[in-house]
>>> print(open('upload_33.tsv').read())   # TSV, C-alpha atoms and all ligand atoms
chain	number	residue	atom	x	y	z
A	1	MET	CA	33.99	6.87	2.40
A	2	VAL	CA	30.20	7.14	2.39
A	3	SER	CA	28.87	5.01	5.23
A	4	SER	CA	25.20	5.55	4.53
A	5	GLY	CA	23.24	6.86	1.58
A	6	TRP	CA	19.71	5.98	0.58
A	7	ARG	CA	17.86	3.88	3.14
A	8	PRO	CA	14.58	2.19	2.34
A	9	PRO	CA	12.03	2.88	5.12
A	10	SER	CA	12.12	-0.75	6.23
A	11	PHE	CA	15.86	-0.53	6.78
A	12	ASN	CA	15.75	2.97	8.27
A	13	LYS	CA	13.64	1.59	11.12
A	14	THR	CA	16.46	-0.76	12.07
A	15	VAL	CA	19.05	2.04	12.29
A	16	GLY	CA	19.52	3.15	15.88
A	17	ASN	CA	18.60	6.80	16.45
A	18	ALA	CA	17.49	7.29	12.85
A	19	ALA	CA	14.86	9.97	12.46
A	20	LYS	CA	11.43	8.68	11.45
A	21	LYS	CA	11.28	11.06	8.52
A	22	SER	CA	14.97	10.64	7.73
A	23	LEU	CA	16.17	12.36	4.59
A	24	HIS	CA	18.14	9.16	4.01
A	25	MET	CA	14.84	7.58	2.99
A	26	THR	CA	14.38	10.01	0.13
A	27	GLY	CA	17.98	9.99	-1.09
A	28	ASN	CA	18.58	13.51	0.24
A	29	ALA	CA	21.20	12.69	2.87
A	30	ILE	CA	24.55	11.00	3.16
A	31	ASP	CA	26.75	10.03	6.07
A	32	ILE	CA	30.48	10.19	5.43
A	33	MET	CA	32.73	8.25	7.75
A	34	ASP	CA	34.76	10.61	9.95
A	35	ASN	CA	37.80	9.98	12.10
A	36	LYS	CA	38.09	9.88	15.87
A	37	LEU	CA	38.70	13.65	16.08
A	38	GLN	CA	35.85	14.37	13.64
A	39	THR	CA	38.23	16.30	11.44
A	40	LEU	CA	35.79	16.37	8.51
A	41	ALA	CA	32.82	17.63	10.55
A	42	TYR	CA	34.86	20.28	12.35
A	43	THR	CA	36.49	21.44	9.12
A	44	ILE	CA	33.03	21.95	7.63
A	45	LYS	CA	31.85	23.64	10.86
A	46	LYS	CA	34.76	26.08	10.62
A	47	ASN	CA	33.76	26.86	7.03
A	48	ALA	CA	30.03	26.77	7.65
A	49	SER	CA	29.27	29.41	5.01
A	50	LEU	CA	30.03	26.72	2.41
A	51	LEU	CA	26.98	24.75	3.55
A	52	LYS	CA	24.70	27.62	2.62
A	53	LYS	CA	26.61	28.22	-0.59
A	54	TYR	CA	26.03	24.62	-1.71
A	55	GLY	CA	22.51	24.27	-0.31
A	56	LEU	CA	23.51	21.77	2.35
A	57	TRP	CA	22.91	21.21	6.06
A	58	MET	CA	25.17	19.34	8.47
A	59	GLU	CA	24.18	17.62	11.67
A	60	ASP	CA	26.07	19.01	14.67
A	61	PRO	CA	29.25	16.97	15.30
A	62	ASP	CA	28.11	16.45	18.92
A	63	SER	CA	25.31	14.32	17.50
A	64	THR	CA	27.34	12.24	15.03
A	65	MET	CA	29.61	10.36	17.38
A	66	GLY	CA	29.14	6.61	17.35
A	67	LYS	CA	30.27	3.85	19.61
A	68	PHE	CA	32.74	2.59	17.02
A	69	THR	CA	32.91	5.26	14.32
A	70	ASN	CA	32.04	8.89	13.90
A	71	TRP	CA	30.31	10.21	10.83
A	72	CYS	CA	29.41	13.45	9.12
A	73	HIS	CA	25.77	13.78	8.09
A	74	LEU	CA	25.02	16.11	5.18
A	75	ASP	CA	21.62	16.68	3.60
A	76	ASN	CA	19.83	19.08	1.30
A	77	SER	CA	16.65	19.62	3.32
A	78	THR	CA	14.34	22.25	1.94
A	79	THR	CA	11.95	22.17	4.90
A	80	ARG	CA	14.15	23.64	7.67
A	81	THR	CA	13.93	27.38	8.17
A	82	ASP	CA	16.92	28.81	6.33
A	83	ARG	CA	19.69	30.50	8.29
A	84	ASN	CA	23.30	31.48	7.83
A	85	ILE	CA	24.80	28.66	9.91
A	86	ARG	CA	23.25	25.51	8.58
A	87	ILE	CA	24.31	23.17	11.38
A	88	PHE	CA	21.44	21.48	13.16
A	89	LYS	CA	20.79	19.30	16.17
A	90	PRO	CA	18.45	16.39	15.52
A	101	ZN	ZN	22.78	10.68	8.35
>>> encode(input="upload_33.tsv", output="structure tokens")
Amino acid sequence: MVSSGWRPPSFNKTVGNAAKKSLHMTGNAIDIMDNKLQTLAYTIKKNASLLKKYGLWMEDPDSTMGKFTNWCHLDNSTTRTDRNIRIFKP
């Protein structure tokens, strides 16, 4: 389940902890709802080479834990310096 996709700038401002230049505002990021154990995020982390293969970046699971739900943030940023493990801290 996608819990967040494109966010207009006016709405992005209301999202707690959202980055000012969020890739959600340009339609280049999605948040997928994850379970309590963050199974999705850790599965991707274990297979991190797939991120590079598909041109994606994932936010570190430590940073995608919410009060009520966890999520997995994926984006296709082209501005970060490329590296083999494309997991970033905000
Ligand atoms: Zn996100």
>>> closest_atom_pairs(input="upload_33.tsv", of="chain A", to="ligand ZN 101 (chain A)", cutoff="8 Å", atoms="all atoms listed in the file", output="Markdown table")
| residue | atom | partner | partner_atom | distance |
| --- | --- | --- | --- | --- |
| A:Ser4 | CA | A:ZN101 | ZN | 6.8 |
| A:Gly5 | CA | A:ZN101 | ZN | 7.8 |
| A:Ala18 | CA | A:ZN101 | ZN | 7.7 |
| A:Ser22 | CA | A:ZN101 | ZN | 7.8 |
| A:Leu23 | CA | A:ZN101 | ZN | 7.8 |
| A:His24 | CA | A:ZN101 | ZN | 6.5 |
| A:Ala29 | CA | A:ZN101 | ZN | 6.0 |
| A:Ile30 | CA | A:ZN101 | ZN | 5.5 |
| A:Asp31 | CA | A:ZN101 | ZN | 4.6 |
| A:Glu59 | CA | A:ZN101 | ZN | 7.8 |
| A:Trp71 | CA | A:ZN101 | ZN | 7.9 |
| A:Cys72 | CA | A:ZN101 | ZN | 7.2 |
| A:His73 | CA | A:ZN101 | ZN | 4.3 |
| A:Leu74 | CA | A:ZN101 | ZN | 6.7 |
| A:Asp75 | CA | A:ZN101 | ZN | 7.7 |
>>> atom_distance(input="upload_33.tsv", atom1="atom CA of A:Trp6", atom2="atom CA of A:Thr26")
6.7 Å
>>> residues_around(input="upload_33.tsv", residues="stretch 34-38 of chain A", least_positions_apart="3", cutoff="9 Å", atoms="all atoms listed in the file", output="list in words")
Met1, Asp31, Ala41, Tyr42, Thr43, Pro61, Thr64, Met65, Thr69, Asn70, Trp71 and Cys72 of chain A
>>> atom_distance(input="upload_33.tsv", atom1="atom CA of A:Met25", atom2="atom CA of A:Leu40")
23.4 Å
>>> atom_distance(input="upload_33.tsv", atom1="atom CA of A:Arg86", atom2="atom CA of A:Leu51")
6.3 Å
>>> closest_residue(input="upload_33.tsv", among="A:Ala48, A:Trp57, A:Thr39, A:Ile32", to="A:Ser3", atoms="only C-alpha atoms")
A:Ile32
>>> closest_residue(input="upload_33.tsv", among="A:Asn47, A:Pro9, A:Thr14, A:Lys67", to="A:Gly27", atoms="all atoms listed in the file")
A:Pro9
>>> residues_near_point(input="upload_33.tsv", point="(20.9, 18.7, 12.6)", cutoff="6 Å", atoms="all atoms listed in the file", output="JSON list (two decimals) with C-alpha atoms, keeping the file's coordinate frame")
[["chain", "number", "residue", "atom", "x", "y", "z"],
["A", 58, "MET", "CA", 25.17, 19.34, 8.47],
["A", 59, "GLU", "CA", 24.18, 17.62, 11.67],
["A", 60, "ASP", "CA", 26.07, 19.01, 14.67],
["A", 87, "ILE", "CA", 24.31, 23.17, 11.38],
["A", 88, "PHE", "CA", 21.44, 21.48, 13.16],
["A", 89, "LYS", "CA", 20.79, 19.30, 16.17],
["A", 90, "PRO", "CA", 18.45, 16.39, 15.52]]
>>> closest_residue(input="upload_33.tsv", among="A:Phe11, A:Gly16, A:Leu56, A:Val2", to="A:Thr79", atoms="all atoms listed in the file")
A:Leu56
>>> closest_residue(input="upload_33.tsv", among="A:Asn17, A:Asn28, A:Ser49, A:Gly66", to="A:Asn84", atoms="all atoms listed in the file")
A:Ser49
